[in-house]
>>> print(open('work-v3.cif').read())   # mmCIF, C-alpha atoms
data_structure
loop_
_atom_site.label_atom_id
_atom_site.label_comp_id
_atom_site.auth_asym_id
_atom_site.auth_seq_id
_atom_site.Cartn_x
_atom_site.Cartn_y
_atom_site.Cartn_z
CA MET A 1 37.65 4.65 -33.66
CA THR A 2 36.57 1.02 -33.54
CA VAL A 3 33.15 0.62 -32.04
CA ILE A 4 31.36 -2.52 -30.94
CA SER A 5 27.65 -1.95 -31.00
CA ILE A 6 24.89 -3.80 -29.27
CA SER A 7 21.53 -2.33 -30.21
CA VAL A 8 17.89 -3.20 -30.30
CA SER A 9 15.79 -2.76 -33.40
CA ILE A 10 12.11 -3.46 -32.84
CA VAL A 11 10.24 -4.86 -35.82
CA THR A 12 7.19 -2.71 -36.48
CA ILE A 13 3.98 -3.61 -38.25
CA MET A 14 2.06 -0.93 -40.10
CA ARG A 15 -1.56 -1.67 -40.96
CA THR A 16 -3.33 -0.58 -44.13
CA TRP A 17 -4.17 3.09 -44.16
CA THR A 18 -6.40 4.99 -46.52
CA THR A 19 -7.56 8.20 -44.87
CA GLN A 20 -6.92 11.80 -45.87
CA MET A 21 -3.62 11.14 -47.61
CA GLY A 22 -4.48 12.08 -51.18
CA ALA A 23 -4.33 9.74 -54.13
CA ARG A 24 -0.84 10.71 -55.25
CA ALA A 25 0.80 10.38 -51.83
CA LEU A 26 -0.91 7.03 -51.35
CA GLN A 27 0.45 5.82 -54.69
CA VAL A 28 4.01 6.91 -53.84
CA LEU A 29 3.90 5.14 -50.48
CA ALA A 30 2.37 2.01 -51.93
CA GLN A 31 5.02 1.79 -54.67
CA ARG A 32 7.80 2.50 -52.17
CA HIS A 33 6.73 -0.33 -49.84
CA ALA A 34 6.24 -2.67 -52.80
CA GLY A 35 9.81 -2.03 -53.90
CA ALA A 36 8.85 -0.09 -57.02
CA GLY A 37 11.44 1.74 -59.02
CA ASN A 38 11.70 5.42 -59.82
CA THR A 39 8.09 6.56 -59.40
CA GLY A 40 6.78 10.01 -58.54
CA SER A 41 8.71 13.22 -58.08
CA THR A 42 12.18 13.09 -56.56
CA ALA A 43 11.26 15.72 -53.98
CA ALA A 44 8.21 13.82 -52.84
CA ARG A 45 10.06 10.52 -52.60
CA ARG A 46 12.94 12.08 -50.65
CA ALA A 47 10.54 13.71 -48.25
CA LEU A 48 8.85 10.38 -47.65
CA LEU A 49 11.92 8.14 -47.50
CA LEU A 50 13.72 10.06 -44.73
CA SER A 51 16.99 8.20 -44.51
CA GLY A 52 15.54 4.73 -44.87
CA LEU A 53 14.40 4.62 -41.26
CA GLY A 54 10.75 4.10 -41.95
CA LEU A 55 10.15 7.80 -41.39
CA SER A 56 8.41 7.85 -44.75
CA VAL A 57 5.32 6.56 -43.02
CA LEU A 58 5.18 9.04 -40.16
CA ALA A 59 1.74 10.23 -41.16
CA ALA A 60 0.51 6.73 -41.90
CA ALA A 61 1.90 5.47 -38.62
CA GLN A 62 0.11 8.21 -36.71
CA THR A 63 -3.20 7.36 -38.38
CA ASP A 64 -2.72 3.70 -37.49
CA LEU A 65 -1.54 4.34 -33.97
CA ALA A 66 -4.53 6.52 -33.21
CA GLY A 67 -6.60 3.34 -33.12
CA CYS A 68 -4.35 1.97 -30.40
CA ASN A 69 -3.95 5.13 -28.33
CA ASN A 70 -5.38 8.41 -29.44
CA ALA A 71 -3.44 10.25 -26.74
CA GLN A 72 0.07 9.23 -27.75
CA CYS A 73 0.75 12.18 -29.99
CA ASP A 74 -0.05 14.77 -27.35
CA ALA A 75 1.50 12.71 -24.55
CA ARG A 76 -1.63 13.28 -22.45
CA TYR A 77 -2.14 9.73 -21.23
CA SER A 78 -2.07 9.49 -17.46
CA PRO A 79 -3.52 6.26 -16.00
CA ALA A 80 -5.64 6.67 -12.91
CA TYR A 81 -4.80 4.89 -9.66
CA HIS A 82 -7.28 2.27 -8.48
CA GLY A 83 -5.43 0.53 -5.66
CA GLY A 84 -5.05 -3.22 -5.22
CA ASN A 85 -2.47 -5.78 -4.20
CA ALA A 86 -2.24 -8.69 -6.64
CA PHE A 87 1.17 -10.37 -6.65
CA ASP A 88 -0.30 -13.85 -6.38
CA ASP A 89 1.01 -15.51 -9.54
CA ALA A 90 4.09 -13.41 -10.34
CA ALA A 91 6.60 -16.02 -9.22
CA GLU A 92 5.29 -18.62 -11.66
CA LEU A 93 5.29 -16.41 -14.77
CA ASP A 94 8.21 -15.32 -16.92
CA VAL A 95 7.67 -12.19 -19.00
CA THR A 96 8.38 -12.40 -22.72
CA LEU A 97 10.43 -9.25 -23.23
CA ASP A 98 10.69 -7.36 -26.50
CA GLY A 99 14.43 -7.06 -26.08
CA GLU A 100 17.04 -8.24 -23.58
CA ARG A 101 20.84 -7.93 -23.67
CA PHE A 102 23.77 -8.62 -21.36
CA GLY A 103 27.41 -7.99 -22.20
CA LEU A 104 30.89 -7.57 -20.78
CA ILE A 105 33.16 -4.59 -21.49
CA GLN A 106 36.95 -4.66 -21.59
CA ASN A 107 39.35 -1.85 -20.61
CA SER A 108 36.66 0.23 -18.93
CA ARG A 109 35.49 1.20 -15.46
CA ALA A 110 32.12 -0.11 -16.66
CA ASN A 111 32.77 -3.83 -16.90
CA GLY A 112 29.32 -4.91 -18.03
CA PHE A 113 25.79 -3.93 -18.90
CA THR A 114 22.31 -5.39 -19.06
CA CYS A 115 19.22 -4.14 -20.90
CA ALA A 116 15.53 -5.03 -21.07
CA THR A 117 12.51 -3.56 -22.83
CA TYR A 118 8.78 -4.38 -22.80
CA LYS A 119 6.11 -2.76 -24.90
CA ALA A 120 2.75 -1.28 -24.02
CA ASN A 121 2.26 0.56 -27.30
CA MET A 122 1.93 -1.22 -30.62
CA PRO A 123 4.49 -0.76 -32.01
CA ILE A 124 6.81 -0.02 -29.11
CA GLU A 125 8.10 3.56 -29.00
CA ASP A 126 11.15 3.01 -26.74
CA ARG A 127 14.65 2.32 -28.05
CA PHE A 128 18.03 1.69 -26.42
CA ASP A 129 21.62 1.37 -27.53
CA VAL A 130 24.97 0.58 -25.90
CA LYS A 131 28.28 1.15 -27.67
CA TYR A 132 31.86 1.02 -26.44
CA THR A 133 35.29 1.59 -27.92
CA ASP A 134 38.40 -0.58 -27.78
CA SER A 135 39.92 1.87 -25.30
CA GLY A 136 36.94 1.53 -22.94
CA ASP A 137 34.78 4.59 -23.59
CA VAL A 138 31.10 3.68 -23.16
CA PHE A 139 27.98 5.30 -24.62
CA ALA A 140 24.54 4.18 -23.41
CA THR A 141 21.22 5.66 -24.50
CA VAL A 142 17.54 5.21 -23.80
CA LEU A 143 15.00 6.97 -26.02
CA ASP A 144 11.30 7.23 -25.22
CA GLY A 145 9.16 8.20 -28.20
CA HIS A 146 5.78 9.86 -28.18
CA GLY A 147 3.40 10.28 -31.08
CA GLY A 148 5.04 7.29 -32.74
CA TRP A 149 8.25 5.27 -32.83
CA GLN A 150 9.96 7.11 -35.66
CA VAL A 151 11.94 9.79 -33.80
CA SER A 152 13.22 7.38 -31.15
CA GLU A 153 14.26 5.02 -33.94
CA TYR A 154 16.05 7.83 -35.74
CA GLY A 155 17.81 8.90 -32.55
CA SER A 156 18.91 5.36 -31.77
CA LYS A 157 20.64 5.20 -35.15
CA VAL A 158 22.49 8.53 -35.18
CA LEU A 159 22.70 10.18 -31.73
CA ILE A 160 25.76 8.35 -30.42
CA GLN A 161 27.50 8.65 -33.78
CA ASN A 162 26.88 12.40 -33.87
CA ILE A 163 28.24 12.83 -30.34
CA GLN A 164 31.34 10.80 -31.18
CA GLN A 165 31.95 13.02 -34.20
CA GLU A 166 31.54 16.16 -32.10
CA LEU A 167 34.04 14.84 -29.54
CA VAL A 168 36.57 14.23 -32.30
CA HIS A 169 35.85 17.60 -33.91
CA MET A 170 36.52 19.38 -30.61
CA GLY A 171 39.73 17.43 -30.06
CA LEU A 172 38.16 15.25 -27.38
CA SER A 173 38.54 11.77 -28.82
CA ASP A 174 39.21 9.12 -26.20
CA GLU A 175 42.96 9.25 -26.84
CA LYS A 176 43.24 12.99 -26.13
CA GLN A 177 41.02 13.79 -23.17
CA SER A 178 42.58 15.21 -20.02
CA GLU A 179 40.08 14.43 -17.27
CA ALA A 180 38.49 17.36 -15.41
CA ALA A 181 40.02 20.07 -17.62
CA ALA A 182 38.05 18.73 -20.57
CA ALA A 183 34.72 18.29 -18.75
CA PRO A 184 33.07 21.54 -19.94
CA MET A 185 34.17 20.85 -23.50
CA VAL A 186 32.84 17.29 -23.32
CA ALA A 187 29.49 18.59 -22.09
CA ALA A 188 29.41 21.10 -24.95
CA ALA A 189 30.25 18.39 -27.49
CA ILE A 190 27.42 16.20 -26.20
CA GLN A 191 24.98 19.09 -26.42
CA ARG A 192 26.13 19.81 -29.97
CA GLY A 193 25.53 16.15 -30.84
CA PHE A 194 21.95 16.36 -29.57
CA ALA A 195 21.37 19.63 -31.44
CA ARG A 196 22.82 18.20 -34.64
CA THR A 197 20.58 15.14 -34.41
CA ASP A 198 17.51 17.33 -33.96
CA ARG A 199 18.51 19.77 -36.71
CA ASP A 200 19.20 17.02 -39.24
CA LEU A 201 15.86 15.37 -38.48
CA MET A 202 14.03 18.67 -38.86
CA ALA A 203 15.61 19.26 -42.25
CA GLN A 204 14.40 15.87 -43.44
CA VAL A 205 10.82 16.03 -42.20
CA LEU A 206 10.14 19.62 -43.28
CA SER A 207 9.53 18.55 -46.87
CA ALA A 208 7.03 15.93 -45.72
CA PHE A 209 5.24 18.50 -43.56
CA LYS A 210 4.93 20.88 -46.50
CA LEU A 211 3.38 18.06 -48.52
CA GLY A 212 0.62 17.79 -45.92
CA PHE A 213 1.95 15.00 -43.71
CA GLY A 214 1.25 16.96 -40.56
CA SER A 215 2.02 14.31 -37.97
CA VAL A 216 5.77 14.66 -38.60
CA GLY A 217 5.57 17.94 -36.69
CA ARG A 218 4.20 16.41 -33.50
CA CYS A 219 6.18 13.19 -33.26
CA GLY A 220 9.09 13.28 -30.81
CA SER A 221 11.28 11.45 -28.34
CA CYS A 222 12.91 12.07 -24.99
CA ALA A 223 16.54 10.95 -24.88
CA LEU A 224 19.13 10.29 -22.18
CA LEU A 225 22.76 9.46 -22.86
CA ALA A 226 25.40 8.30 -20.40
CA TYR A 227 29.01 8.70 -21.55
CA LEU A 228 31.87 7.17 -19.57
CA HIS A 229 35.53 8.06 -20.15
CA ASP A 230 37.97 6.62 -17.61
CA ASN A 231 36.35 7.58 -14.27
CA THR A 232 34.35 10.51 -15.63
CA LEU A 233 30.64 9.92 -16.15
CA CYS A 234 28.54 12.41 -18.12
CA VAL A 235 24.76 12.10 -18.07
CA ALA A 236 22.90 14.16 -20.69
CA ASN A 237 19.13 14.28 -20.36
CA ALA A 238 16.54 15.79 -22.70
CA GLY A 239 13.14 14.89 -21.22
CA ASP A 240 11.85 12.67 -18.44
CA ILE A 241 14.04 9.59 -18.81
CA ARG A 242 15.95 9.15 -15.57
CA ALA A 243 19.42 8.01 -14.51
CA VAL A 244 20.09 6.83 -10.95
CA LEU A 245 23.43 5.81 -9.46
CA GLY A 246 23.71 2.98 -6.93
CA ARG A 247 26.39 3.82 -4.35
CA LYS A 248 27.66 1.83 -1.38
CA ASP A 249 27.10 3.46 1.98
CA GLY A 250 28.39 1.12 4.65
CA LYS A 251 26.40 -2.08 4.30
CA ASP A 252 23.71 -0.40 2.24
CA VAL A 253 23.52 0.80 -1.35
CA ILE A 254 21.84 4.18 -1.70
CA ALA A 255 20.24 5.89 -4.69
CA VAL A 256 21.83 9.04 -6.11
CA ALA A 257 19.87 10.90 -8.79
CA MET A 258 22.00 11.74 -11.84
CA SER A 259 19.34 13.61 -13.82
CA ASN A 260 16.35 15.89 -13.37
CA ASP A 261 12.94 15.11 -14.83
CA GLN A 262 12.40 17.85 -17.41
CA ASN A 263 8.68 18.22 -17.88
CA ALA A 264 5.93 20.76 -17.36
CA MET A 265 5.28 19.52 -13.81
CA SER A 266 8.70 20.83 -12.72
CA ARG A 267 8.54 24.20 -10.95
CA PHE A 268 11.90 25.11 -12.47
CA GLU A 269 10.69 24.35 -15.99
CA GLN A 270 7.45 26.27 -15.40
CA GLU A 271 9.34 29.36 -14.27
CA LYS A 272 11.68 29.05 -17.24
CA LEU A 273 8.73 28.93 -19.65
CA LYS A 274 7.13 31.99 -18.03
CA ARG A 275 10.39 33.98 -18.25
CA GLU A 276 10.88 33.09 -21.90
CA HIS A 277 7.24 33.75 -22.89
CA PRO A 278 6.08 36.67 -20.71
CA GLY A 279 2.36 37.31 -20.65
CA GLU A 280 1.55 34.01 -22.37
CA GLU A 281 -0.87 32.61 -19.83
CA ASN A 282 -1.31 29.26 -21.58
CA VAL A 283 2.41 28.58 -21.99
CA PHE A 284 1.73 25.57 -19.76
CA ILE A 285 -1.61 24.16 -18.69
CA CYS A 286 -2.11 22.00 -15.59
CA ARG A 287 -5.16 19.79 -15.41
CA HIS A 288 -3.87 18.44 -12.10
CA PRO A 289 -0.66 19.18 -10.14
CA ASP A 290 0.91 16.07 -11.66
CA SER A 291 -0.56 16.57 -15.14
CA CYS A 292 0.83 19.69 -16.87
CA TYR A 293 1.48 20.29 -20.58
CA VAL A 294 3.47 22.80 -22.61
CA LYS A 295 0.86 24.78 -24.60
CA GLY A 296 -1.62 22.12 -23.52
CA ALA A 297 0.06 19.59 -25.79
CA LEU A 298 3.23 17.98 -24.38
CA GLN A 299 4.59 17.12 -20.95
CA PRO A 300 8.36 16.99 -21.67
CA THR A 301 10.09 20.36 -21.96
CA ARG A 302 13.11 18.88 -23.75
CA ALA A 303 12.96 16.35 -26.56
CA LEU A 304 14.07 15.46 -30.04
CA GLY A 305 11.43 16.28 -32.64
CA ASP A 306 8.08 17.84 -31.61
CA PHE A 307 8.79 20.55 -34.15
CA ALA A 308 5.39 22.24 -33.82
CA LEU A 309 6.63 23.48 -30.44
CA LYS A 310 9.98 24.63 -31.84
CA TYR A 311 9.52 26.18 -35.28
CA SER A 312 6.70 28.30 -36.69
CA GLU A 313 7.11 26.48 -40.02
CA PHE A 314 5.54 23.43 -38.35
CA ASN A 315 2.47 25.19 -37.01
CA GLY A 316 -0.37 23.70 -39.04
CA PRO A 317 -3.36 25.59 -40.42
CA PRO A 318 -6.52 26.10 -38.35
CA TYR A 319 -8.57 22.93 -38.19
CA VAL A 320 -11.51 22.58 -40.57
CA ASN A 321 -14.25 20.20 -39.45
CA GLY A 322 -11.84 18.71 -36.94
CA ASP A 323 -9.31 17.73 -39.61
CA ARG A 324 -5.80 17.80 -38.09
CA SER A 325 -4.02 15.86 -40.82
CA ALA A 326 -2.06 18.92 -42.00
CA GLY A 327 -0.46 19.35 -38.58
CA ARG A 328 -1.09 20.59 -35.07
CA HIS A 329 -2.37 24.17 -35.00
CA ILE A 330 -1.38 26.32 -32.03
CA SER A 331 -3.46 29.48 -31.83
CA PRO A 332 -1.97 32.87 -30.90
CA PRO A 333 -0.19 33.75 -28.78
CA TYR A 334 2.41 31.51 -30.41
CA THR A 335 6.07 32.37 -29.80
CA PRO A 336 8.20 29.26 -30.38
CA PRO A 337 10.47 27.70 -29.36
CA TYR A 338 8.80 26.36 -26.24
CA ILE A 339 10.93 23.24 -25.88
CA THR A 340 14.50 22.34 -26.81
CA ALA A 341 16.56 19.30 -27.74
CA ILE A 342 19.60 20.63 -25.85
CA PRO A 343 20.14 18.31 -22.87
CA GLU A 344 21.07 19.16 -19.33
CA VAL A 345 24.50 17.58 -18.74
CA ARG A 346 25.74 16.43 -15.35
CA THR A 347 29.38 15.38 -14.90
CA HIS A 348 30.48 13.09 -12.08
CA THR A 349 33.82 11.53 -11.18
CA LEU A 350 33.10 7.94 -10.20
CA GLU A 351 34.07 6.95 -6.69
CA GLU A 352 35.14 3.53 -5.49
CA THR A 353 31.75 3.14 -3.82
CA ASP A 354 29.78 3.74 -7.05
CA GLN A 355 28.37 0.36 -8.07
CA PHE A 356 26.04 0.79 -11.05
CA LEU A 357 23.98 3.25 -13.08
CA ILE A 358 20.30 2.61 -13.91
CA ILE A 359 18.81 4.36 -16.95
CA GLY A 360 15.07 3.96 -17.31
CA SER A 361 12.29 5.34 -19.47
CA ASP A 362 9.44 6.90 -17.54
CA GLY A 363 7.53 3.62 -17.70
CA LEU A 364 9.93 2.39 -15.00
CA TRP A 365 9.61 5.44 -12.75
CA ASP A 366 5.82 5.53 -13.02
CA TYR A 367 5.85 2.58 -10.62
CA LEU A 368 9.25 2.47 -8.89
CA SER A 369 11.07 5.02 -6.77
CA ASN A 370 14.80 5.55 -7.20
CA GLU A 371 15.38 3.67 -3.95
CA GLU A 372 13.24 0.70 -4.96
CA ALA A 373 15.04 0.36 -8.29
CA VAL A 374 18.48 0.47 -6.65
CA GLU A 375 17.44 -2.11 -4.05
CA ILE A 376 16.25 -4.56 -6.72
CA VAL A 377 19.45 -4.22 -8.74
CA GLN A 378 21.64 -4.58 -5.66
CA GLU A 379 19.83 -7.77 -4.64
CA HIS A 380 20.59 -9.32 -8.02
CA VAL A 381 24.22 -8.18 -7.93
CA ALA A 382 24.67 -9.61 -4.43
CA ASN A 383 23.13 -12.92 -5.49
CA GLY A 384 25.36 -13.22 -8.55
CA HIS A 385 22.54 -12.63 -11.05
CA ARG A 386 23.25 -9.14 -12.30
CA GLU A 387 22.45 -10.23 -15.87
CA ARG A 388 18.79 -10.49 -14.82
CA ALA A 389 18.56 -7.15 -13.01
CA SER A 390 17.06 -5.17 -15.91
CA ARG A 391 14.47 -7.90 -16.44
CA ALA A 392 13.68 -7.85 -12.72
CA LEU A 393 12.97 -4.12 -12.82
CA VAL A 394 10.58 -4.53 -15.75
CA GLU A 395 8.84 -7.43 -14.02
CA LYS A 396 8.41 -5.41 -10.83
CA VAL A 397 6.76 -2.62 -12.84
CA LEU A 398 4.30 -5.09 -14.33
CA GLN A 399 3.56 -6.67 -10.96
CA LYS A 400 2.78 -3.26 -9.50
CA ALA A 401 0.65 -2.34 -12.51
CA ALA A 402 -1.39 -5.51 -12.02
CA ALA A 403 -1.90 -4.68 -8.35
CA ARG A 404 -2.88 -1.10 -9.11
CA TYR A 405 -5.63 -2.22 -11.47
CA ASP A 406 -6.90 -5.14 -9.37
CA MET A 407 -5.69 -7.70 -11.90
CA THR A 408 -3.73 -10.89 -11.54
CA TYR A 409 -0.26 -10.86 -13.05
CA ALA A 410 -1.37 -13.40 -15.64
CA GLU A 411 -4.29 -11.19 -16.65
CA LEU A 412 -2.00 -8.21 -17.17
CA LEU A 413 0.48 -10.19 -19.25
CA SER A 414 -2.33 -11.53 -21.42
CA LEU A 415 -3.37 -8.04 -22.53
CA PRO A 416 -2.56 -7.31 -26.18
CA PRO A 417 -0.19 -4.40 -26.85
CA GLY A 418 -1.95 -1.18 -27.71
CA SER A 419 -4.63 0.66 -25.80
CA HIS A 420 -5.40 -2.27 -23.46
CA ARG A 421 -1.86 -2.34 -22.07
CA ARG A 422 -1.27 1.41 -22.37
CA ARG A 423 -4.13 2.12 -19.98
CA ARG A 424 -2.20 0.23 -17.29
CA HIS A 425 1.45 0.95 -18.02
CA ASP A 426 3.82 2.57 -20.50
CA ASP A 427 6.59 1.09 -22.64
CA THR A 428 9.33 0.25 -20.14
CA THR A 429 13.03 0.15 -20.96
CA VAL A 430 16.01 -0.28 -18.63
CA VAL A 431 19.77 -0.12 -19.24
CA ILE A 432 22.20 -0.79 -16.38
CA LEU A 433 25.95 -0.13 -16.45
CA TYR A 434 27.99 -1.97 -13.81
CA PHE A 435 31.11 -0.39 -12.32
CA GLU A 436 32.27 -3.28 -10.12
#
>>> encode(input="work-v3.cif", output="structure tokens")
Amino acid sequence: MTVISISVSIVTIMRTWTTQMGARALQVLAQRHAGAGNTGSTAARRALLLSGLGLSVLAAAQTDLAGCNNAQCDARYSPAYHGGNAFDDAAELDVTLDGERFGLIQNSRANGFTCATYKANMPIEDRFDVKYTDSGDVFATVLDGHGGWQVSEYGSKVLIQNIQQELVHMGLSDEKQSEAAAAPMVAAAIQRGFARTDRDLMAQVLSAFKLGFGSVGRCGSCALLAYLHDNTLCVANAGDIRAVLGRKDGKDVIAVAMSNDQNAMSRFEQEKLKREHPGEENVFICRHPDSCYVKGALQPTRALGDFALKYSEFNGPPYVNGDRSAGRHISPPYTPPYITAIPEVRTHTLEETDQFLIIGSDGLWDYLSNEEAVEIVQEHVANGHRERASRALVEKVLQKAAARYDMTYAELLSLPPGSHRRRRHDDTTVVILYFE
């Protein structure tokens, strides 16, 4: 299968780190980053290298990122609302995005796509990828990391590939599919691809965890994949990334949700957790109705990674003098798994009135409703500027963030990435597939 890939790889900067790592681990990491040869034990180096994705510095990254946002790892950051209405200078300013793509697709119902991403965290924890085959099959993903960028980076490299392999393995390559009859098998293949990605990652980071690099057990990423074959659209969601379809309805274009937000605020997810962990009163903890956490630690109920909430092997020792470097410790009752990487898959046969699909990380939906997002995209399509629609959604998020915090748009854009931005908005990533 020939695949054309358009992907974003965000350059990350890791600062010097020296805390609680141990002299030997520090030496191995230092020699690795300096390009040293065969130094240290093979097991230690393999555990730290982790497929060449930079996952060798998971623990170091977490130590560094704590200075930017000490709530990232537990996904507990929830900016307060302050009101305001400051759109004064938005028209004169052009946002410098961290990634922007627009492309055309041949032989497919999806004839084009556009993507945009803007960071709040330093480094950014979102990733996206769009791939398509010569025969017109399209794969589009958005990944939203938490606790670091490493799991979203890993997923962006292997998730689509794993799903493609599962489709072939199940006899569902693009040449062989038979429309609706294959839909349940396609959904199963996608779920197997997610599970394989998560399982392979777990196998790689377990060695690092056993060496004392505890943060590998609490780093994770939500992931949403849209797969298009002929007129059949499959949306697979693990977490709180959202997909929304724009559909013509007379002269209007309406919003049709294609995914459910899977987090601890969902009544369905709460009931599911209570059924699976009877008598465990702290299986989810709500500080406010819109601020609930699985075991008090994580909002998403589905995600790649976050192995402390999946496997007892990743439950760290009790903390001594507040030291959490060996991993998150969850006190009894502790009956994992609490979360899963298996996505919910929704299959939809595209209609003539279906215009586009918006995929956005939760940074988008923190500020825009489904209807607002669809309206903005439709305006750009109608005006012949669909290549700028993803950018426009990101810019609208930033304008609303400035208004919420009584700032001018220029003041918001001048904030350095890290805790200053993260207090106002999240990393925001948008991918749009166009069907007309």
>>> closest_atom_pairs(input="work-v3.cif", of="region 199-279 of chain A", to="region 143-157 of chain A", cutoff="7 Å", atoms="all atoms listed in the file", output="JSON lines")
{"residue": "A:Arg218", "atom": "CA", "partner": "A:Gly147", "partner_atom": "CA", "distance": 6.6}
{"residue": "A:Cys219", "atom": "CA", "partner": "A:Gly147", "partner_atom": "CA", "distance": 4.6}
{"residue": "A:Gly220", "atom": "CA", "partner": "A:Val151", "partner_atom": "CA", "distance": 5.4}
{"residue": "A:Ser221", "atom": "CA", "partner": "A:Gly145", "partner_atom": "CA", "distance": 3.9}
{"residue": "A:Cys222", "atom": "CA", "partner": "A:Asp144", "partner_atom": "CA", "distance": 5.1}
{"residue": "A:Ala223", "atom": "CA", "partner": "A:Leu143", "partner_atom": "CA", "distance": 4.4}
{"residue": "A:Leu224", "atom": "CA", "partner": "A:Leu143", "partner_atom": "CA", "distance": 6.5}
>>> residues_around(input="work-v3.cif", residues="region 413-428 of chain A", least_positions_apart="5", cutoff="8 Å", atoms="all atoms listed in the file", output="list in words")
Cys68, Asn69, Tyr77, Pro79, Val95, Thr117, Tyr118, Lys119, Ala120, Asn121, Met122, Pro123, Ile124, Glu125, Asp126, Gly360, Ser361, Asp362, Gly363, Leu364, Val394, Leu398, Ala401, Ala402 and Tyr405 of chain A
>>> atom_distance(input="work-v3.cif", atom1="CA of Asn315 (chain A)", atom2="CA of Phe213 (chain A)")
12.2 Å
>>> residues_around(input="work-v3.cif", residues="Gly136 (chain A)", least_positions_apart="4", cutoff="9 Å", atoms="all atoms listed in the file", output="NGL selection string")
:A and (105-110 or 132 or 174 or 228-230)
>>> residues_around(input="work-v3.cif", residues="Glu387 (chain A)", least_positions_apart="4", cutoff="8 Å", atoms="all atoms listed in the file", output="ChimeraX atom specification")
/A:102,113-114
>>> closest_residue(input="work-v3.cif", among="A:Ala341, A:Ser331, A:Leu233, A:Arg242", to="Leu368 (chain A)", atoms="only C-alpha atoms")
A:Arg242
>>> closest_residue(input="work-v3.cif", among="A:Val168, A:Val138, A:Val381, A:Ala183", to="Thr349 (chain A)", atoms="all atoms listed in the file")
A:Ala183
>>> closest_residue(input="work-v3.cif", among="A:Ala303, A:Ile163, A:Ala257, A:Ala226", to="Asp198 (chain A)", atoms="all atoms listed in the file")
A:Ala303
>>> atom_distance(input="work-v3.cif", atom1="CA of Lys272 (chain A)", atom2="CA of Ala243 (chain A)")
22.6 Å
>>> atom_distance(input="work-v3.cif", atom1="CA of Pro336 (chain A)", atom2="CA of Gly296 (chain A)")
13.9 Å
>>> closest_residue(input="work-v3.cif", among="A:Phe194, A:Phe268, A:Phe139, A:Tyr293", to="Thr340 (chain A)", atoms="all atoms listed in the file")
A:Phe194
>>> residues_around(input="work-v3.cif", residues="region 159-161 of chain A", least_positions_apart="6", cutoff="10 Å", atoms="only C-alpha atoms", output="list in words")
Val3, Asp129, Val130, Lys131, Phe139, Ala140, Thr141, Ser152, Leu167, Ile190, Gly193, Phe194, Ala195, Arg196, Thr197, Asp198, Ala223, Leu225 and Tyr227 of chain A
>>> closest_residue(input="work-v3.cif", among="A:Thr429, A:Val186, A:Phe209, A:Val397", to="Pro317 (chain A)", atoms="only C-alpha atoms")
A:Phe209
